[in-house]
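Engineer: Below is one structure. I have some questions about it.
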Amino acid sequence: MLLLFESSAGFALFKVLDEGKMREAETKDVWSDFETPEAAKKVVKLKAFSKFENTTEALQAAASLVDSKLSKGLKKFLKKHAEGDTLAVLDAKLGNVIKEKLGINCLYSSGVMEMTRGIRNQLTSLVAGLNAQDLRPMSLGLSHSLSRYKLKFSPDKVDTMIVQAIGLLDDLDKELNTYAMRVREWYGWHFPEMTKIVSDNIAYAKTVKLMGTREKAADIDFSDFLEEEAEGQLKEAAVVSMGTEVSADDVTNILNLCDQVIDLSEYRAQLYDYLKSRMMAVAPNLTVLVGELVGARLIAHVGSLVNLAKAPASTIQILGAEKALFRALKTKHETPKYGLIYHASLIGQAAPKFKGKISRVLAAKCALGVRVDALGEVSDEGAIGLLSRAKVEARLRQLEGKQLAGEGAKPRGLPGAEKYDSARQGGNGALLGHAKAYDAGADVVMAEPAAAEDGKKEKKEKKKKKDKAAPAAAAEEPAVAEAAAATNGTGEKKKKKKKREAEEEAAPAAEAEKKKKKKKKEA
């Protein structure tokens with residue numbers, strides 16, 4: 001069995017004299033076998049050594065080993081000295097590559113690591129001609145070279161271009177707006193009606209450039225940048241315009257300014273395309289989450305992509321609103337919920353009362369995506385950003401009370417209490433959760449259609465009878481009132497008569513009782 005040992009001086013192959021020691025090293029401490037050079041030589045013996053010619057070769061070999069790749073020098077070395085034997089290696093991935101490309105069986109275990117530690121301790125005594133004084137500067141130089149190699153930035157990952165491009169884009173927008181308003185104001189003296197007809201600044205400049213003075217509008221075709229309706233209105237207004245006449249020199253200067261506006265707009269479009277391509281190359285995950293412009297402004301605000309990756313989600317959320325934040329802290333008011341991130345499309349889709357929550361979720365996902373963009377060794381082409389965007393959209397639907405579309409946004413762990421929404425009132429509608437099962441037993445039986453129609457007909461007939469009876473009742477009212485009065489009079493007389501008779505009958509009985517009482521007293 002052979003053991004591959006990598007050092008800053010070169011590659012070494014050691015023959016393991018006692019294979020039992022390799023198995024023992026997995027469970028027992030074999031450090032005592034490597035305490036002295038004599039003891040180490042009883043366990044392993046140098047078979048071959050390939051020395052690096054220069055620092056460049058050493059750097060290429062070390063970089064390949066870090067990436068678990070087989071370099072050309074190591075491939076030739078193993079073909080020459082290790083064919084037909086079992087090779088013990090420190091990296092399992094490298095062992096698979098060696099077995100696949102060279103057909104050499106490879107072994108990887110904890111025992112191999114312990115044996116390698118022992119060999120490293122006695123390397124100068126096991127490899128002839130290798131001194132500790134020479135090995136130390138070799139290790140230091142290789143470590144510095146490898147560090148510079150790993151930290152070297154790719155030209156595709158330079159974020160300075162993004163900072164400059166977004167700054168220039170904002171400056172162009174300001175200049176374009178200033179120039180376009182100057183064209184409108186200047187040409188408005190000659191053709192004031194055109195300002196309301198053509199609202200787009202670029203189309204306005206192209207129309208002035210093509211038309212010159214308003215007298216030529218009738219013979220010119222504006223269909224390339226104006227709609228048919230606007231073109232017709234423009235030609236009609238040119239005939240009856242109330243604008244003043246201008247000289248040829250005035251028209252020439254106005255046309256020169258129009259050329260500036262058109263050229264600046266074309267350059268701005270090219271710069272925007274360049275910014276989109278750079279953002280997808282440098283920060284694809286951030287671009288997927290918030291868009292090219294917002295992502296570029298975030299990077300420019302903090303200075304670099306690495307600085308943005310160092311920032312926590314709470315800082316990314318309020319970047320651009322520092323003045324409002326410190327004013328709120330000073331006056332003890334509510335702090336701002338969003339800064340530059342407010343202009344992202346996901347926050348624009350949210351309702352006003354949910355914008356703060358969505359900005360917090362989006363800032364957290366942006367923090368993760370930026371760290372992958374800045375510190376990831378391999379570009380994932382925005383895969384993490386797409387997954388994060390889907391989760392933010394699912395959270396937005398959840399806040400709006402809509403049913404979740406995917407499994408990725410379902411809450412994990414034990415189910416918690418359902419959230420109460422004060423905007424909804426009454427019943428189960430106040431709870432944001434899944435709908436309950438349909439209860440057929442709670443249905444109310446409706447009346448049959450035929451019975452309902454019969455009931456309606458009866459009501460209509462009764463209403464008609466009442467309407468007919470109303471005039472007759474009105475005519476009979478005086479007679480009824482007289483009869484009622486007569487009836488009431490006779491009724492009162494009868495009551496008085498009965499009362500009188502009852503009093504007459506009660507009088508003899510009362511007298512008899514009085515006589516009895518007197519007799520008793522006398523007796």
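Starting from 1 in every chain, residues are counted up; chains themselves are A, B, ... following the order of the structure tokens, and ligands are numbered from 1 as listed.
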Compile the contact shell of stretch 14-18 of chain A as a list of chain:residue names: residues with an atom at most 7 Å away, counting only C-alpha atoms, same-chain residues fewer than 6 positions apart removed.
Structural biologist: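 Near stretch 14-18 of chain A, the qualifying residues are A:Met1, A:Leu2, A:Leu3, A:Leu4, A:Lys42, A:Val43, A:Val44, A:Lys45, A:Leu46, A:Lys47.
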Engineer: Set out as JSON lines a contact list for stretch 239-293 of chain A and stretch 309-324 of chain A with a cut-off of 12 Å, giving each residue of stretch 239-293 of chain A that qualifies its closest atom pair and distance in Å to one decimal, counting only C-alpha atoms, ordered by chain and rising residue number.
Structural biologist:
{"residue": "A:Ala283", "atom": "CA", "partner": "A:Ala309", "partner_atom": "CA", "distance": 10.7}
{"residue": "A:Leu286", "atom": "CA", "partner": "A:Ala309", "partner_atom": "CA", "distance": 10.6}
{"residue": "A:Val290", "atom": "CA", "partner": "A:Gln317", "partner_atom": "CA", "distance": 11.8}
Engineer: So that I have them on file, write out the residues from the current selection with all heavy atoms, as a short mmCIF file (atom, residue, chain, number, x, y, z; two decimals), in the first residue's frame.
Structural biologist:
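Once written, selection-v2.cif looks like this:
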data_model
loop_
_atom_site.label_atom_id
_atom_site.label_comp_id
_atom_site.auth_asym_id
_atom_site.auth_seq_id
_atom_site.Cartn_x
_atom_site.Cartn_y
_atom_site.Cartn_z
N ALA A 283 -24.29 40.34 -9.75
CA ALA A 283 -25.23 40.04 -8.65
C ALA A 283 -26.55 39.50 -9.23
O ALA A 283 -27.57 40.19 -9.20
CB ALA A 283 -25.49 41.29 -7.82
N LEU A 286 -29.52 39.19 -6.49
CA LEU A 286 -30.06 40.50 -6.11
C LEU A 286 -30.90 41.09 -7.23
O LEU A 286 -31.96 41.68 -7.00
CB LEU A 286 -28.92 41.44 -5.74
CG LEU A 286 -29.30 42.85 -5.29
CD1 LEU A 286 -30.10 42.79 -4.00
CD2 LEU A 286 -28.07 43.72 -5.11
N VAL A 290 -34.90 42.32 -6.71
CA VAL A 290 -35.33 43.72 -6.67
C VAL A 290 -35.20 44.45 -8.00
O VAL A 290 -35.62 45.59 -8.11
CB VAL A 290 -34.53 44.50 -5.59
CG1 VAL A 290 -34.79 43.93 -4.22
CG2 VAL A 290 -33.04 44.49 -5.88
#
Engineer: Just how far from atom CA of A:Ser32 is atom CA of A:Ser50, in Å to one decimal?
Structural biologist: 28.2 Å
Engineer: Calculated over only C-alpha atoms, which of the candidates A:Ile347, A:Ala63, A:Leu255, A:Ile104 has the smallest distance to A:Lys80?
Structural biologist: A:Ile104
Engineer: Using DSSP on the backbone coordinates, identify the residues of stretch 47-197 of chain A assigned to alpha helix (DSSP H); present them as number ranges by chain.
Structural biologist: A: 55-66, 72-81, 92-102, 110-121, 123-126, 132-151, 160-187, 194-197
Engineer: Create the file for the chosen residues now, containing C-alpha atoms and written as a JSON list (two decimals), in the first residue's frame.
Structural biologist:
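Writing the result to result.json gives the following:
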[["chain", "number", "residue", "atom", "x", "y", "z"],
["A", 55, "THR", "CA", 6.55, 28.72, -7.28],
["A", 56, "THR", "CA", 4.21, 28.78, -10.30],
["A", 57, "GLU", "CA", 4.20, 24.99, -10.56],
["A", 58, "ALA", "CA", 3.66, 24.68, -6.81],
["A", 59, "LEU", "CA", 0.75, 27.17, -6.98],
["A", 60, "GLN", "CA", -0.94, 25.29, -9.85],
["A", 61, "ALA", "CA", -0.60, 21.99, -8.02],
["A", 62, "ALA", "CA", -1.92, 23.43, -4.74],
["A", 63, "ALA", "CA", -4.86, 25.15, -6.49],
["A", 64, "SER", "CA", -5.79, 21.86, -8.18],
["A", 65, "LEU", "CA", -5.66, 20.00, -4.87],
["A", 66, "VAL", "CA", -7.88, 22.61, -3.21],
["A", 72, "LYS", "CA", -0.74, 17.20, -14.95],
["A", 73, "GLY", "CA", 2.37, 16.80, -12.76],
["A", 74, "LEU", "CA", 0.57, 14.62, -10.23],
["A", 75, "LYS", "CA", -0.98, 12.54, -13.02],
["A", 76, "LYS", "CA", 2.46, 11.73, -14.55],
["A", 77, "PHE", "CA", 3.93, 11.04, -11.10],
["A", 78, "LEU", "CA", 1.20, 8.53, -10.16],
["A", 79, "LYS", "CA", 1.26, 6.83, -13.58],
["A", 80, "LYS", "CA", 4.97, 6.22, -13.19],
["A", 81, "HIS", "CA", 5.13, 5.07, -9.57],
["A", 92, "ALA", "CA", -12.02, 11.34, -0.97],
["A", 93, "LYS", "CA", -13.04, 13.41, -4.04],
["A", 94, "LEU", "CA", -9.47, 13.40, -5.33],
["A", 95, "GLY", "CA", -9.38, 9.62, -4.79],
["A", 96, "ASN", "CA", -12.48, 9.19, -6.95],
["A", 97, "VAL", "CA", -10.90, 11.30, -9.71],
["A", 98, "ILE", "CA", -7.65, 9.25, -9.58],
["A", 99, "LYS", "CA", -9.59, 5.98, -9.72],
["A", 100, "GLU", "CA", -11.71, 7.22, -12.63],
["A", 101, "LYS", "CA", -8.84, 8.60, -14.75],
["A", 102, "LEU", "CA", -5.91, 6.30, -13.84],
["A", 110, "SER", "CA", -9.32, 8.47, 9.52],
["A", 111, "GLY", "CA", -6.29, 6.19, 9.80],
["A", 112, "VAL", "CA", -4.79, 7.77, 6.67],
["A", 113, "MET", "CA", -5.11, 11.20, 8.29],
["A", 114, "GLU", "CA", -3.31, 10.03, 11.45],
["A", 115, "MET", "CA", -0.48, 8.49, 9.40],
["A", 116, "THR", "CA", -0.15, 11.74, 7.40],
["A", 117, "ARG", "CA", 0.19, 13.72, 10.63],
["A", 118, "GLY", "CA", 3.02, 11.47, 11.73],
["A", 119, "ILE", "CA", 4.80, 11.74, 8.37],
["A", 120, "ARG", "CA", 4.52, 15.54, 8.45],
["A", 121, "ASN", "CA", 6.25, 15.56, 11.85],
["A", 123, "LEU", "CA", 9.21, 14.74, 6.90],
["A", 124, "THR", "CA", 12.77, 16.11, 6.87],
["A", 125, "SER", "CA", 14.18, 12.81, 8.16],
["A", 126, "LEU", "CA", 12.10, 10.62, 5.80],
["A", 132, "ALA", "CA", 13.56, 22.33, 7.81],
["A", 133, "GLN", "CA", 15.19, 25.69, 7.01],
["A", 134, "ASP", "CA", 14.27, 25.30, 3.31],
["A", 135, "LEU", "CA", 10.80, 23.90, 3.97],
["A", 136, "ARG", "CA", 9.60, 26.81, 6.11],
["A", 137, "PRO", "CA", 10.08, 29.59, 3.46],
["A", 138, "MET", "CA", 8.62, 27.28, 0.82],
["A", 139, "SER", "CA", 5.44, 26.83, 2.90],
["A", 140, "LEU", "CA", 5.19, 30.54, 3.63],
["A", 141, "GLY", "CA", 5.66, 31.57, -0.03],
["A", 142, "LEU", "CA", 3.15, 28.97, -1.28],
["A", 143, "SER", "CA", 0.55, 30.05, 1.30],
["A", 144, "HIS", "CA", 0.88, 33.71, 0.24],
["A", 145, "SER", "CA", 0.65, 32.81, -3.46],
["A", 146, "LEU", "CA", -2.38, 30.60, -2.87],
["A", 147, "SER", "CA", -4.11, 33.33, -0.84],
["A", 148, "ARG", "CA", -3.54, 35.88, -3.60],
["A", 149, "TYR", "CA", -4.83, 33.38, -6.16],
["A", 150, "LYS", "CA", -8.02, 32.68, -4.19],
["A", 151, "LEU", "CA", -8.71, 36.36, -3.50],
["A", 160, "THR", "CA", -17.02, 49.47, -9.66],
["A", 161, "MET", "CA", -18.50, 49.60, -13.17],
["A", 162, "ILE", "CA", -21.99, 49.21, -11.74],
["A", 163, "VAL", "CA", -21.47, 52.09, -9.31],
["A", 164, "GLN", "CA", -20.27, 54.37, -12.12],
["A", 165, "ALA", "CA", -23.00, 53.24, -14.55],
["A", 166, "ILE", "CA", -25.92, 53.86, -12.18],
["A", 167, "GLY", "CA", -24.48, 57.25, -11.24],
["A", 168, "LEU", "CA", -24.20, 58.23, -14.90],
["A", 169, "LEU", "CA", -27.71, 56.91, -15.60],
["A", 170, "ASP", "CA", -29.19, 59.16, -12.92],
["A", 171, "ASP", "CA", -27.24, 62.15, -14.25],
["A", 172, "LEU", "CA", -28.50, 61.44, -17.78],
["A", 173, "ASP", "CA", -32.09, 61.34, -16.55],
["A", 174, "LYS", "CA", -31.70, 64.78, -14.98],
["A", 175, "GLU", "CA", -30.03, 66.26, -18.06],
["A", 176, "LEU", "CA", -32.61, 64.73, -20.41],
["A", 177, "ASN", "CA", -35.45, 66.14, -18.35],
["A", 178, "THR", "CA", -33.85, 69.61, -18.30],
["A", 179, "TYR", "CA", -33.13, 69.62, -22.05],
["A", 180, "ALA", "CA", -36.58, 68.27, -22.97],
["A", 181, "MET", "CA", -38.36, 70.92, -20.90],
["A", 182, "ARG", "CA", -36.20, 73.60, -22.53],
["A", 183, "VAL", "CA", -37.21, 72.32, -26.00],
["A", 184, "ARG", "CA", -40.90, 72.43, -25.07],
["A", 185, "GLU", "CA", -40.66, 75.93, -23.66],
["A", 186, "TRP", "CA", -38.59, 77.24, -26.58],
["A", 187, "TYR", "CA", -40.64, 75.69, -29.40],
["A", 194, "MET", "CA", -48.26, 70.79, -29.72],
["A", 195, "THR", "CA", -47.39, 70.57, -25.99],
["A", 196, "LYS", "CA", -50.73, 68.97, -25.10],
["A", 197, "ILE", "CA", -50.90, 66.79, -28.22]]
Engineer: My list of candidates is A:Asp85, A:Glu53, A:Glu229, A:Glu513. Which is closest to A:Leu13 when distances are computed with only C-alpha atoms?
Structural biologist: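 Closest to A:Leu13, using only C-alpha atoms: A:Asp85.
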Engineer: Rank A:Leu293, A:Ile341, A:Ala363, A:Ala281 by their smallest atom-to-atom distance to A:Ser379, using only C-alpha atoms, and report the top residue only.
Structural biologist: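 That would be A:Ala281, the residue with the smallest distance to A:Ser379.
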Engineer: Can you pull out the residues contacting A:Gly385? Cut-off 7 Å, using only C-alpha atoms, and skip same-chain residues under 3 positions away; I want them as a list in words.
Structural biologist: Asn285, Leu286, Val288, Leu289, Gly369, Gly382, Ser388 and Arg389 of chain A
Engineer: Identify which of the residues A:Asn54, A:Val198, A:Lys337, A:Leu234 lies closest to A:Ser8, counting only C-alpha atoms when measuring atom-to-atom distances.
Structural biologist: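 Smallest separation from A:Ser8 among the options: A:Asn54.
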Engineer: Using only C-alpha atoms for the distances, tell me which of A:Asp221, A:Asp259, A:Glu461, A:Glu227 is nearest to A:Ser199.
Structural biologist: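 So, comparing all the options, the nearest one is A:Glu227.
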Engineer: Can you pull out the residues contacting A:Ala217? Cut-off 12 Å, using only C-alpha atoms, and skip same-chain residues under 6 positions away; I want them as a list in words.
Structural biologist: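 Listed by chain and then number, they are Phe191, Met194, Thr207, Val208, Lys209, Leu210, Met211, Glu231, Gly232, Gln233, Leu234, Lys235, Glu236, Ala237, Ala238, Val239, Val240 and Ser241 of chain A.
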